[in-house]
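**Q** Dumping the structure here so I can ask a few things about it.
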Amino acid sequence: MPQSTQLHRRLASLFSGHWVSPVVFLILWEAGSRLGLIPKSTLAAPSAVIGTLVEMLTTGELPDNLWVSFLRVAAGLVIGLSIGIALALAAGLSRQGEAAIDPIMQIKRTIPTLALTPLFIVWFGIGETPKVALIAFASIFPVYLNLYSGIRGVDVRLIEGARSFGLSKAEVIWHVILPGALPSLLVGLRYSLSVSILVLVVAEQINASAGLGYLVNNARDFMRTDIIVVCLLVYAALGLGADGLVRLIERRALAWRPSLAEG
Amino acid sequence: MLAETNFTAAFPVAEPVVRLRDFTRSFGANTVIDGLNLSIAPGEFVALLGRSGGGKTTLLRTLAGLDSVGGQDVRIPTSRAVVFQDSRLLPWKKVWRNVALGLKGPGVRERAEAALNEVGLGHRIDAWPLTLSGGEAQRVALARALVREPKLLLLDEPFAALDALTRIKMHALVLELWRVHRPAILMVTHDVDEAVALADRILVLDAGRIVAEEHITVQRGERGDVGRVLRQRLLGHLGCEVTSEHVVSAVDVGASIVPFPQGASA
Ligand SMILES: Nc1ncnc2c1ncn2[C@@H]1O[C@H](COP(=O)(O)OP(=O)(O)O)[C@@H](O)[C@H]1O
Ligand SMILES: [Mg+2]
């Protein structure tokens, strides 16, 4: 008796898992494709997508283009994050910096980055530069806004406590303000990473001859929905990877937080 | 015998560690400290009482060198340390790094460890501050102050947020540390009993002036009778002899003052 109830419970918990509905969805999708309800030109079957994925991996088509896209994002991020962090430090740590920088950043914030695409093409042509510039431009803001407000939000009582022990201004910044603003910086970093992937998708529509966007554009022209879905999967994986990366940094850098701190 | 009420009485012996002459501090039109004179002798334990908003913290911040004094005659030692009501430990630094904050030179961890051992927290040396209890955090704050061997230790209601039992233990600890290290101490408190139990001298600050000063010569631990009389007088200075509504509002709310007979005043 108890064994069978246990079995029941286990089966029940097995079928209430989060994986159930996606799997059902995939099965229905596959069945729909095989029965001809979903034409290949509308959406390729999951099995076809997997086949294409394997093929693109073995021919090197996917890794090569992914690498191109990755370099674009990396370059844009390095530039954008550096500028964002530098501006946030200047605005957060000095009154003059705040007066000079913050109003402009608040105005810029209201302009959606992607709306600047035509302007960037006019300025930078249709090569690598506008793509990287768009990614850089977009990734400045999240990291700037979060780090700036993080610096300004550091508990003044902690700053005062440190000052009462005779710490210099530089020491207070190093020991109190920067670590205190780190959680906000990481939040900003997470937003910047996801925004950069979003902008990558659009930026690569600008006349690319390599990269994920190029693959998608080509696939669109040949109605290769299987390739399009593979690229969508890769975008999703990039997003997940970026999120996981920030989580990893958070776990190491914010070990002192109550939810994570032990002993 | 137990007290002389001489407002300007300077401690006779050595050169004072703290000396304020005619010190005034205003915020806009609000004069918080008004022509205050204060001397504290080396190793002296002074308690500062006063109602909420009376300027105690403002005075303490001045002595801590946290506010600029605008060229007034203020002498404070360079080696000083503060313990606030909230421990103000940096949550992202392990306990010993908090204690060692700003210390330089070799053997910093050993010095921090020695200070932590003194407050009975040697075993928490590598703990994160947010895992400490309130009492433990205040002990770390004490260790962080004492590791600098300050000439002046400033305590701003350091035990106000602790439960009664922990507070009594903290009193004993502070006295012991004071005996070993002999800093001059200025302790702000709203607890008359705490002041009577710990201090050599008690000041009552009101409206920016010292309105009463009591020297206690009786040994700590033997202050039962003397303390009772003194307490009534201090409560009187604090304005507690008025009507029953004022009794609560006169001293900081949350004070551990045990209810006392109405009308019994200095
Ligand atoms: N930075 C400040 N700016 C303006 N007013 C202040 C400031 N700090 C303290 N005050 C005022 O000074 C008075 C005394 O405050 P405080 O020294 O904190 O009193 P206490 O510690 O005795 O409760 C209060 O009226 C308070 O409002
Ligand atoms: Mg106060």
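Chains: A, B, ... in order of the structure tokens. Residues: from 1 per chain. Ligands: from 1, in order shown.
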Could you list, as JSON, numbers by chain, all protein and nucleic acid residues with an atom at most 8 Å from ligand 1, counting only C-alpha atoms and all ligand atoms?

**A** {"B": [26, 27, 28, 30, 31, 32, 50, 51, 52, 53, 54, 55, 56, 57, 58, 59, 60, 205, 252]}

**Q** Check every residue of chain A for an atom within 7 Å of chain B, counting only C-alpha atoms, and provide those that qualify as an NGL selection string.

**A** :A and (157-158 or 161 or 164-165 or 167 or 179 or 256 or 258 or 261 or 263)

**Q** As a PyMOL selection string, please: every residue in region 116-160 of chain B that a backbone DSSP assignment puts in strand (DSSP E).

**A** chain B and resi 152-156

**Q** One decimal, Å: what's the distance from CA of Ala161 (chain B) over to CA of Ala112 (chain B), could you say?

**A**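 Interatomic distance here is 24.7 Å.
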
**Q** Choose the residue, out of B:Leu152, B:Ala160, B:Ala14, B:Leu238, that has the smallest atom-to-atom separation from ligand 2; count only C-alpha atoms and all ligand atoms.

**A**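 The closest residue to ligand 2 is B:Ala160.
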
**Q** Mind pulling up the distance from CA of Leu81 (chain A) to CA of Ser196 (chain A)?

**A**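 CA of Leu81 (chain A) lies 10.5 Å from CA of Ser196 (chain A).
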
**Q** As a PyMOL selection string, list the residues of region 18-178 of chain B assigned to helix (DSSP H, G or I) by DSSP on the backbone atoms of this structure.

**A** chain B and resi 56-63+95-99+108-118+122-124+129-131+134-146+164-178

**Q** Let me see the file: selected residues, C-alpha atoms, as a compact mmCIF listing (two decimals), in the first residue's frame.

**A**
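And here's result.txt as it stands now:
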# COMPACT_ATOMS: atom_id res chain seq x y z
CA LYS B 56 24.18 65.41 22.14
CA THR B 57 24.95 63.86 18.79
CA THR B 58 25.94 67.24 17.37
CA LEU B 59 28.45 67.67 20.20
CA LEU B 60 29.75 64.15 19.73
CA ARG B 61 30.19 64.65 15.99
CA THR B 62 32.25 67.73 16.72
CA LEU B 63 34.45 65.77 19.11
CA VAL B 95 34.59 40.93 10.82
CA TRP B 96 38.34 41.17 11.17
CA ARG B 97 38.67 43.44 8.14
CA ASN B 98 36.09 45.72 9.70
CA VAL B 99 38.12 45.85 12.88
CA VAL B 108 47.04 43.88 11.03
CA ARG B 109 45.10 40.64 11.25
CA GLU B 110 46.85 39.73 14.50
CA ARG B 111 45.96 43.10 15.99
CA ALA B 112 42.36 42.71 14.89
CA GLU B 113 42.30 39.22 16.34
CA ALA B 114 43.66 40.41 19.67
CA ALA B 115 40.99 43.12 19.83
CA LEU B 116 38.28 40.62 18.94
CA ASN B 117 39.53 38.26 21.64
CA GLU B 118 39.23 41.10 24.12
CA GLY B 122 37.81 35.76 18.54
CA HIS B 123 35.83 32.86 17.11
CA ARG B 124 33.88 35.16 14.77
CA PRO B 129 28.84 41.13 9.77
CA LEU B 130 25.26 40.45 8.72
CA THR B 131 25.43 37.09 10.49
CA GLY B 134 23.02 43.04 17.63
CA GLY B 135 25.14 42.60 20.73
CA GLU B 136 27.92 40.88 18.81
CA ALA B 137 27.93 43.65 16.21
CA GLN B 138 28.33 46.27 18.93
CA ARG B 139 31.18 44.27 20.46
CA VAL B 140 32.89 44.22 17.07
CA ALA B 141 32.33 47.97 16.86
CA LEU B 142 34.00 48.29 20.28
CA ALA B 143 36.90 46.16 19.12
CA ARG B 144 37.22 48.27 15.99
CA ALA B 145 37.38 51.40 18.13
CA LEU B 146 39.83 50.03 20.68
CA ALA B 164 18.42 44.65 28.85
CA LEU B 165 20.48 41.56 29.57
CA THR B 166 22.91 42.18 26.73
CA ARG B 167 23.19 45.80 27.81
CA ILE B 168 24.27 44.83 31.31
CA LYS B 169 26.95 42.56 29.86
CA MET B 170 28.06 45.38 27.61
CA HIS B 171 28.39 47.71 30.59
CA ALA B 172 30.76 45.29 32.25
CA LEU B 173 32.71 44.89 29.02
CA VAL B 174 33.05 48.63 28.48
CA LEU B 175 34.29 49.14 32.02
CA GLU B 176 36.80 46.36 31.66
CA LEU B 177 38.08 47.71 28.35
CA TRP B 178 38.23 51.19 29.82

**Q** Would you compute the distance between CA of Arg179 (chain B) and CA of Phe45 (chain B)? Give it in Å to one decimal.

**A** 10.3 Å

**Q** For region 102-111 of chain A, list every protein, DNA or RNA residue within 12 Å, evaluated using only C-alpha atoms, and leave out those in the same chain fewer than 3 positions away; present the list as a ChimeraX atom specification.

**A** /A:83-84,87-99,114-117,137-145,148-149

**Q** List the spatial neighbours of region 197-201 of chain A as a list in words - criterion: any atom at most 8 Å away, only C-alpha atoms, same-chain residues fewer than 5 positions off excluded.

**A**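 Skipping anything fewer than 5 positions along the chain leaves Ser69, Arg72, Val73, Leu114, Lys131, Leu134, Ile135, Ala138, Leu212, Gly213, Tyr235, Leu238 and Gly239 of chain A.
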
**Q** Env of region 122-128 of chain A: 9 Å cut, atoms = only C-alpha atoms, seq-sep filter 2 positions within chain, self excluded. Answer as a list of chain:residue names.

**A**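 Listing them by chain and then by number gives A:Arg72, A:Thr117, A:Pro118, A:Leu119, A:Phe120, A:Pro130, A:Lys131, A:Val132, A:Ala133, A:Ile206, A:Asn207, A:Ala208.
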
**Q** Can you write just those residues out, N, CA, C and O atoms, as an mmCIF file, in the first residue's frame?

**A**
data_model
loop_
_atom_site.group_PDB
_atom_site.id
_atom_site.type_symbol
_atom_site.label_atom_id
_atom_site.label_comp_id
_atom_site.auth_asym_id
_atom_site.auth_seq_id
_atom_site.Cartn_x
_atom_site.Cartn_y
_atom_site.Cartn_z
ATOM 1 N N ARG A 72 31.414 41.217 -32.040
ATOM 2 C CA ARG A 72 30.696 42.492 -32.115
ATOM 3 C C ARG A 72 30.144 42.880 -30.745
ATOM 4 O O ARG A 72 30.308 44.014 -30.277
ATOM 5 N N THR A 117 19.534 54.120 -35.277
ATOM 6 C CA THR A 117 20.172 53.294 -36.306
ATOM 7 C C THR A 117 20.404 54.060 -37.615
ATOM 8 O O THR A 117 21.527 54.057 -38.135
ATOM 9 N N PRO A 118 19.363 54.745 -38.170
ATOM 10 C CA PRO A 118 19.614 55.461 -39.442
ATOM 11 C C PRO A 118 20.737 56.480 -39.323
ATOM 12 O O PRO A 118 21.599 56.576 -40.208
ATOM 13 N N LEU A 119 20.743 57.187 -38.216
ATOM 14 C CA LEU A 119 21.770 58.202 -38.011
ATOM 15 C C LEU A 119 23.157 57.575 -37.951
ATOM 16 O O LEU A 119 24.124 58.077 -38.533
ATOM 17 N N PHE A 120 23.239 56.445 -37.260
ATOM 18 C CA PHE A 120 24.534 55.773 -37.138
ATOM 19 C C PHE A 120 25.019 55.272 -38.501
ATOM 20 O O PHE A 120 26.212 55.247 -38.771
ATOM 21 N N PRO A 130 29.048 50.855 -37.286
ATOM 22 C CA PRO A 130 27.735 51.204 -36.728
ATOM 23 C C PRO A 130 27.174 50.097 -35.837
ATOM 24 O O PRO A 130 26.475 50.380 -34.864
ATOM 25 N N LYS A 131 27.500 48.845 -36.169
ATOM 26 C CA LYS A 131 26.986 47.732 -35.357
ATOM 27 C C LYS A 131 27.563 47.801 -33.954
ATOM 28 O O LYS A 131 26.844 47.757 -32.950
ATOM 29 N N VAL A 132 28.879 47.905 -33.914
ATOM 30 C CA VAL A 132 29.541 47.986 -32.605
ATOM 31 C C VAL A 132 29.114 49.256 -31.866
ATOM 32 O O VAL A 132 28.839 49.230 -30.667
ATOM 33 N N ALA A 133 29.010 50.352 -32.609
ATOM 34 C CA ALA A 133 28.641 51.620 -31.971
ATOM 35 C C ALA A 133 27.245 51.548 -31.370
ATOM 36 O O ALA A 133 27.004 52.050 -30.259
ATOM 37 N N ILE A 206 21.814 45.308 -40.551
ATOM 38 C CA ILE A 206 22.455 46.280 -41.430
ATOM 39 C C ILE A 206 23.491 45.554 -42.284
ATOM 40 O O ILE A 206 24.601 45.309 -41.831
ATOM 41 N N ASN A 207 23.097 45.160 -43.446
ATOM 42 C CA ASN A 207 24.039 44.686 -44.455
ATOM 43 C C ASN A 207 25.214 43.868 -43.919
ATOM 44 O O ASN A 207 26.364 44.189 -44.162
ATOM 45 N N ALA A 208 24.907 42.816 -43.158
ATOM 46 C CA ALA A 208 26.010 42.023 -42.620
ATOM 47 C C ALA A 208 26.400 40.929 -43.606
ATOM 48 O O ALA A 208 25.554 40.396 -44.323
#

**Q** Select, from B:Val218, B:Ile185, B:Leu48, B:Leu36, the residue with the minimum atom-to-atom distance to ligand 2, counting only C-alpha atoms and all ligand atoms.

**A**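 Closest residue, counting only C-alpha atoms and all ligand atoms: B:Leu48.
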
**Q** For region 51-64 of chain A, work out the shell of residues within 9 Å, counting only C-alpha atoms and skipping chain neighbours fewer than 5 positions away, then give it as a list in words.

**A** Pro46, Ser69, Ala210, Gly211, Leu212, Leu215, Asp226, Ile227, Val230 and Cys231 of chain A

**Q** Measuring atom to atom with only C-alpha atoms and all ligand atoms, identify which of B:Lys104, B:His190, B:Arg233, B:Arg21 is nearest to ligand 2.

**A** B:His190
